[in-house]
Amino acid sequence: MVFLPAKHIDNLDRSTRFPYQQGTASAAMLDLPTARFQEHTLVRIGDDHAGGSMLLLAPEAGGRLVRWRHHGEDILYWPNPADWSNPAKIRGGNPVLFPFIGRHFVDGEPGRWRDAGGQVHALPQHGFARDLPFEVESADRAHIVLLLRDGPQTRAGYPFAFEFRVSYRLLEDGLEATFSITHAAEGDTHAPMPFYAGHHFYFALPCVLRHATTLQMPPSRLSRQLADGSLDTPQPGHTLYTLDTPALQDRYHLLDGAGAIVLDIPPHPDAPLGRRIRIEIDGALMPWHAITTWTESETSDFYCIEPWMGLPNAVHHGEGLHLLAPGDTRHATCRLRIARQSASG
């Protein structure tokens, strides 16, 4: 089986002291509940006993949301076994993408970008956040805030002072995820900070059910990245797809209007009543630019539906590029609401 049953969580400890500093100046340590998972100690938020919900996170591994159980069911895919020697490359959970999404090019060469002053910098695909350790800034039984700051390992490829916060809050019917991006430089002499962040949710879905799984989209246009980093001409999108539709693979749905994205998964052994996942972005604190749909292969037991603030290479073509003045902060929130398909109509 590709889905991980509850027995893969062992040694739950609700009071284990987890080695992360609280805040920026305090040396006090947070007492965080933890769980052993695939021989690693992860931070645990919530409790999936008695029909509750639970998150497992790996702050030191790119702030990765590894597992989300809702009412006894795994919502996200995670491979078993997983190669923890290179967590950024694991296909599963929710890696966060910052400061840029996807591939960026300078003169046809990937992994490079040119700043407003003409200087070229090296930056990996999807940025560096998924490769770096986050701090746990705060946490309680239903909420956690993870923090990544600039440092020597970020400044060569991204010469800006920043604070990138990722927060997760358990809801009665799902999960709220928020990005908070701060340009931490002071004074008007600093250039605006370019960024476009994104989520990369790996939703658990047996590959044999793609033909029977539907995806509802708000008004949007379909686009994709070409080999030189430019975008093709957007084409009108549809409002309803099945996930075996070839046109969905590695496509950007450029949002033209407000509305939710709804994934309807039919009943299967790991979700006996089926599952509806409703991704709400119309209530976000700032607009999302696109939803990306992607999976790795025809036999992958996951499907990615990814809220993005911009498009790959936006730092050069401008599609979804955000510029943040020194001292300013911006936020982006999405909510994922879960219902059993038979009860959702």
# chains A, B, ... in the order shown; residues from 1 in each chain; ligands from 1
>>> select_by_dssp(residues="segment 74-191 of chain A", states="strand (DSSP E)", output="PyMOL selection string")
chain A and resi 74+96-97+105-106+109-110+112-114+120-122+135-139+143-149+162-171+174-183
>>> residues_around(residues="Lys89 of chain A", least_positions_apart="5", cutoff="12 Å", atoms="only C-alpha atoms", output="ChimeraX atom specification")
/A:61-62,64,78-79,82-84,94-95,125-126,130-131
>>> closest_residue(among="A:Leu32, A:Ala156, A:Leu324, A:Ile101", to="Ala122 of chain A", atoms="only C-alpha atoms")
A:Ala156
>>> closest_atom_pairs(of="segment 206-253 of chain A", to="segment 264-279 of chain A", cutoff="12 Å", atoms="only C-alpha atoms", output="tab-separated table")
residue	atom	partner	partner_atom	distance
A:Pro206	CA	A:His268	CA	8.5
A:Cys207	CA	A:Ile265	CA	11.2
A:Val208	CA	A:His268	CA	10.3
A:Leu209	CA	A:Pro266	CA	7.4
A:Arg210	CA	A:Ile265	CA	8.4
A:His211	CA	A:Ile265	CA	10.0
A:Ala212	CA	A:Pro266	CA	6.7
A:Thr213	CA	A:Ile265	CA	4.9
A:Thr214	CA	A:Asp264	CA	5.3
A:Leu215	CA	A:Asp264	CA	6.5
A:Gln216	CA	A:Asp264	CA	8.4
A:Met217	CA	A:Ile279	CA	10.0
A:Pro218	CA	A:Ile279	CA	10.9
A:Leu240	CA	A:Asp264	CA	10.8
A:Tyr241	CA	A:Asp264	CA	10.5
A:Thr242	CA	A:Asp264	CA	9.5
A:Leu243	CA	A:Ile265	CA	9.9
>>> write_last_selection(atoms="N, CA and C atoms", output="compact mmCIF listing (two decimals), in the first residue's frame")
# COMPACT_ATOMS: atom_id res chain seq x y z
N PRO A 206 -5.18 7.20 -5.21
CA PRO A 206 -4.72 6.04 -5.99
C PRO A 206 -4.80 6.35 -7.48
N CYS A 207 -3.75 6.01 -8.20
CA CYS A 207 -3.70 6.37 -9.62
C CYS A 207 -4.84 5.76 -10.42
N VAL A 208 -5.35 4.62 -9.98
CA VAL A 208 -6.43 3.95 -10.72
C VAL A 208 -7.74 4.71 -10.62
N LEU A 209 -7.82 5.72 -9.75
CA LEU A 209 -9.06 6.48 -9.58
C LEU A 209 -9.04 7.83 -10.29
N ARG A 210 -7.99 8.12 -11.02
CA ARG A 210 -7.94 9.44 -11.67
C ARG A 210 -9.10 9.64 -12.64
N HIS A 211 -9.47 8.60 -13.35
CA HIS A 211 -10.54 8.75 -14.35
C HIS A 211 -11.88 9.07 -13.70
N ALA A 212 -12.03 8.71 -12.42
CA ALA A 212 -13.29 8.91 -11.72
C ALA A 212 -13.24 10.09 -10.75
N THR A 213 -12.13 10.79 -10.69
CA THR A 213 -11.95 11.92 -9.79
C THR A 213 -12.11 13.21 -10.58
N THR A 214 -12.93 14.12 -10.07
CA THR A 214 -13.20 15.36 -10.80
C THR A 214 -12.57 16.56 -10.10
N LEU A 215 -12.25 17.55 -10.90
CA LEU A 215 -11.67 18.80 -10.42
C LEU A 215 -12.49 19.95 -10.98
N GLN A 216 -13.09 20.72 -10.07
CA GLN A 216 -13.83 21.92 -10.47
C GLN A 216 -12.94 23.14 -10.28
N MET A 217 -12.93 24.01 -11.29
CA MET A 217 -12.07 25.19 -11.27
C MET A 217 -12.90 26.46 -11.45
N PRO A 218 -12.49 27.56 -10.82
CA PRO A 218 -13.11 28.86 -11.13
C PRO A 218 -12.68 29.31 -12.52
N LEU A 240 -14.65 22.07 -15.35
CA LEU A 240 -14.72 20.72 -14.82
C LEU A 240 -13.80 19.80 -15.61
N TYR A 241 -12.99 19.03 -14.88
CA TYR A 241 -12.06 18.08 -15.49
C TYR A 241 -12.16 16.75 -14.74
N THR A 242 -11.73 15.68 -15.39
CA THR A 242 -11.34 14.48 -14.67
C THR A 242 -9.81 14.45 -14.66
N LEU A 243 -9.24 13.83 -13.63
CA LEU A 243 -7.80 13.95 -13.43
C LEU A 243 -6.98 13.11 -14.40
>>> closest_atom_pairs(of="segment 103-195 of chain A", to="segment 326-342 of chain A", cutoff="8 Å", atoms="only C-alpha atoms", output="Markdown table")
| residue | atom | partner | partner_atom | distance |
| --- | --- | --- | --- | --- |
| A:Asp173 | CA | A:Arg337 | CA | 5.4 |
| A:Gly174 | CA | A:Arg337 | CA | 4.3 |
| A:Leu175 | CA | A:Leu336 | CA | 5.2 |
| A:Glu176 | CA | A:Arg335 | CA | 4.4 |
| A:Ala177 | CA | A:Cys334 | CA | 5.5 |
| A:Thr178 | CA | A:Thr333 | CA | 4.3 |
| A:Phe179 | CA | A:Ala332 | CA | 5.1 |
| A:Ser180 | CA | A:His331 | CA | 4.5 |
| A:Ile181 | CA | A:Arg330 | CA | 5.3 |
| A:Thr182 | CA | A:Thr329 | CA | 4.2 |
| A:His183 | CA | A:Pro326 | CA | 5.1 |
| A:Ala184 | CA | A:Gly327 | CA | 5.5 |
| A:Ala185 | CA | A:Pro326 | CA | 5.2 |
| A:Glu186 | CA | A:Pro326 | CA | 5.6 |
| A:Gly187 | CA | A:Pro326 | CA | 6.5 |
| A:Asp188 | CA | A:Pro326 | CA | 6.9 |
| A:His190 | CA | A:Pro326 | CA | 6.6 |
| A:Ala191 | CA | A:Pro326 | CA | 7.6 |
| A:Pro192 | CA | A:Pro326 | CA | 6.4 |
| A:Met193 | CA | A:Pro326 | CA | 7.5 |
>>> closest_residue(among="A:Val120, A:Leu323, A:Pro219, A:Phe203", to="Thr295 of chain A", atoms="only C-alpha atoms")
A:Phe203
>>> closest_residue(among="A:Asp250, A:Glu73, A:Asp256, A:Glu319", to="Thr293 of chain A", atoms="only C-alpha atoms")
A:Asp250
